[in-house]
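Worksheet: the structure to be examined is printed underneath.
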Amino acid sequence: MVESIKSILTVEFENLKQELIAKYNEAANPSDWPQTVEASVSGTKAQLTAANYIYGREPGKQPPSAAIEEWVLNKGIAAQAAKKISIGSLAYLIARKIGMEGWKPKDNSGESIITAVITPERLQLIADRAGDEVLFNISFEIIDYLKKIAA
């Protein structure tokens, strides 16, 4: 019974993980956050974990310029700035400012990404699927037991 629940949870939480990553990538956010998302299942318990900087970045540590450079290119800023400053220099300056002042996503986009995918309805659906499996297995155990005592 535990193995069948584990397989349901594994599939469901892997789907949640992939949907979170897809939603994050749609927002064209510049970071390696998608690589930090992990789905893990142990027995009948499952969890998703990820780096918390989807909610922003506190001042103190400068992010890698390469991630900012990729963002500058993806947003089309590179074409606008190319005549005035190199892409590498622009990315470094942006990374330095983020390191000094921190960064917060517009409109709580990190939270909205999570709440758009992990909804109460979605969690209830997962619980229902796992619960149905439990009921199914218990029913067979009861039937087997009744057959044994009737014999």
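Starting from 1 in every chain, residues are counted up; chains themselves are A, B, ... following the order of the structure tokens, and ligands are numbered from 1 as listed.
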
Strand (DSSP E) residues, from DSSP on the backbone, in stretch 40-104 of chain A, as JSON, numbers by chain: {"A": [40, 41, 42, 45, 46, 47, 48, 49]}

Per residue of stretch 35-127 of chain A within 10 Å of stretch 15-29 of chain A, record the nearest atom pair and its distance in Å to one decimal, counting only C-alpha atoms, with rows in chain order and ascending residue number, as a tab-separated table.
residue	atom	partner	partner_atom	distance
A:Gln35	CA	A:Ile21	CA	8.6
A:Thr36	CA	A:Ile21	CA	9.8
A:Val37	CA	A:Lys17	CA	6.7
A:Glu38	CA	A:Lys17	CA	7.0
A:Ala39	CA	A:Lys17	CA	6.5
A:Leu48	CA	A:Lys17	CA	7.3
A:Thr49	CA	A:Lys17	CA	9.2
A:Ala50	CA	A:Lys17	CA	9.7
A:Ile54	CA	A:Tyr24	CA	8.9
A:Ala67	CA	A:Asn29	CA	9.6
A:Ile68	CA	A:Asn29	CA	9.6
A:Glu70	CA	A:Asn29	CA	9.9
A:Trp71	CA	A:Asn29	CA	7.2
A:Asn74	CA	A:Ala28	CA	7.7
A:Lys75	CA	A:Ala28	CA	8.1
A:Pro105	CA	A:Asn29	CA	9.1
A:Ser109	CA	A:Ala27	CA	8.3
A:Gly110	CA	A:Tyr24	CA	7.9
A:Ser112	CA	A:Lys23	CA	9.7
A:Ile113	CA	A:Lys23	CA	6.2
A:Ile114	CA	A:Leu20	CA	6.6
A:Thr115	CA	A:Leu20	CA	9.5
A:Ala116	CA	A:Lys23	CA	8.5
A:Val117	CA	A:Leu20	CA	6.3
A:Ile118	CA	A:Leu16	CA	7.2
A:Arg122	CA	A:Leu16	CA	9.2
A:Leu123	CA	A:Leu16	CA	9.9

Coordinates-based distance that separates atom CA of A:Trp103 from atom CA of A:Lys61 (Å, one decimal):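 A separation of 11.1 Å between them.
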
Picked from stretch 37-151 of chain A by DSSP as alpha helix (DSSP H), as a ChimeraX atom specification: /A:65-74,77-81,87-101,109-117,120-150

Proximity to A:Pro63 - best of A:Arg96, A:Lys148, A:Lys6, A:Lys104, only C-alpha atoms: A:Arg96

Selected residue, from A:Thr10, A:Arg57, A:Asp32, A:Ser4, that lies nearest to A:Met100 when counting only C-alpha atoms: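 Between A:Thr10, A:Arg57, A:Asp32, A:Ser4, the residue approaching A:Met100 most closely is A:Arg57.
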
Test item: residues at most 10 Å from A:Tyr92, only C-alpha atoms, excluding those fewer than 2 positions along its chain, as a ChimeraX atom specification: /A:62-66,68-69,86-90,94-98

Shortest interatomic distance to A:Ile8 - which of A:Ile85, A:Val41, A:Ile143, A:Ala79, counting only C-alpha atoms: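 Among the listed residues, the smallest separation from A:Ile8 belongs to A:Val41.
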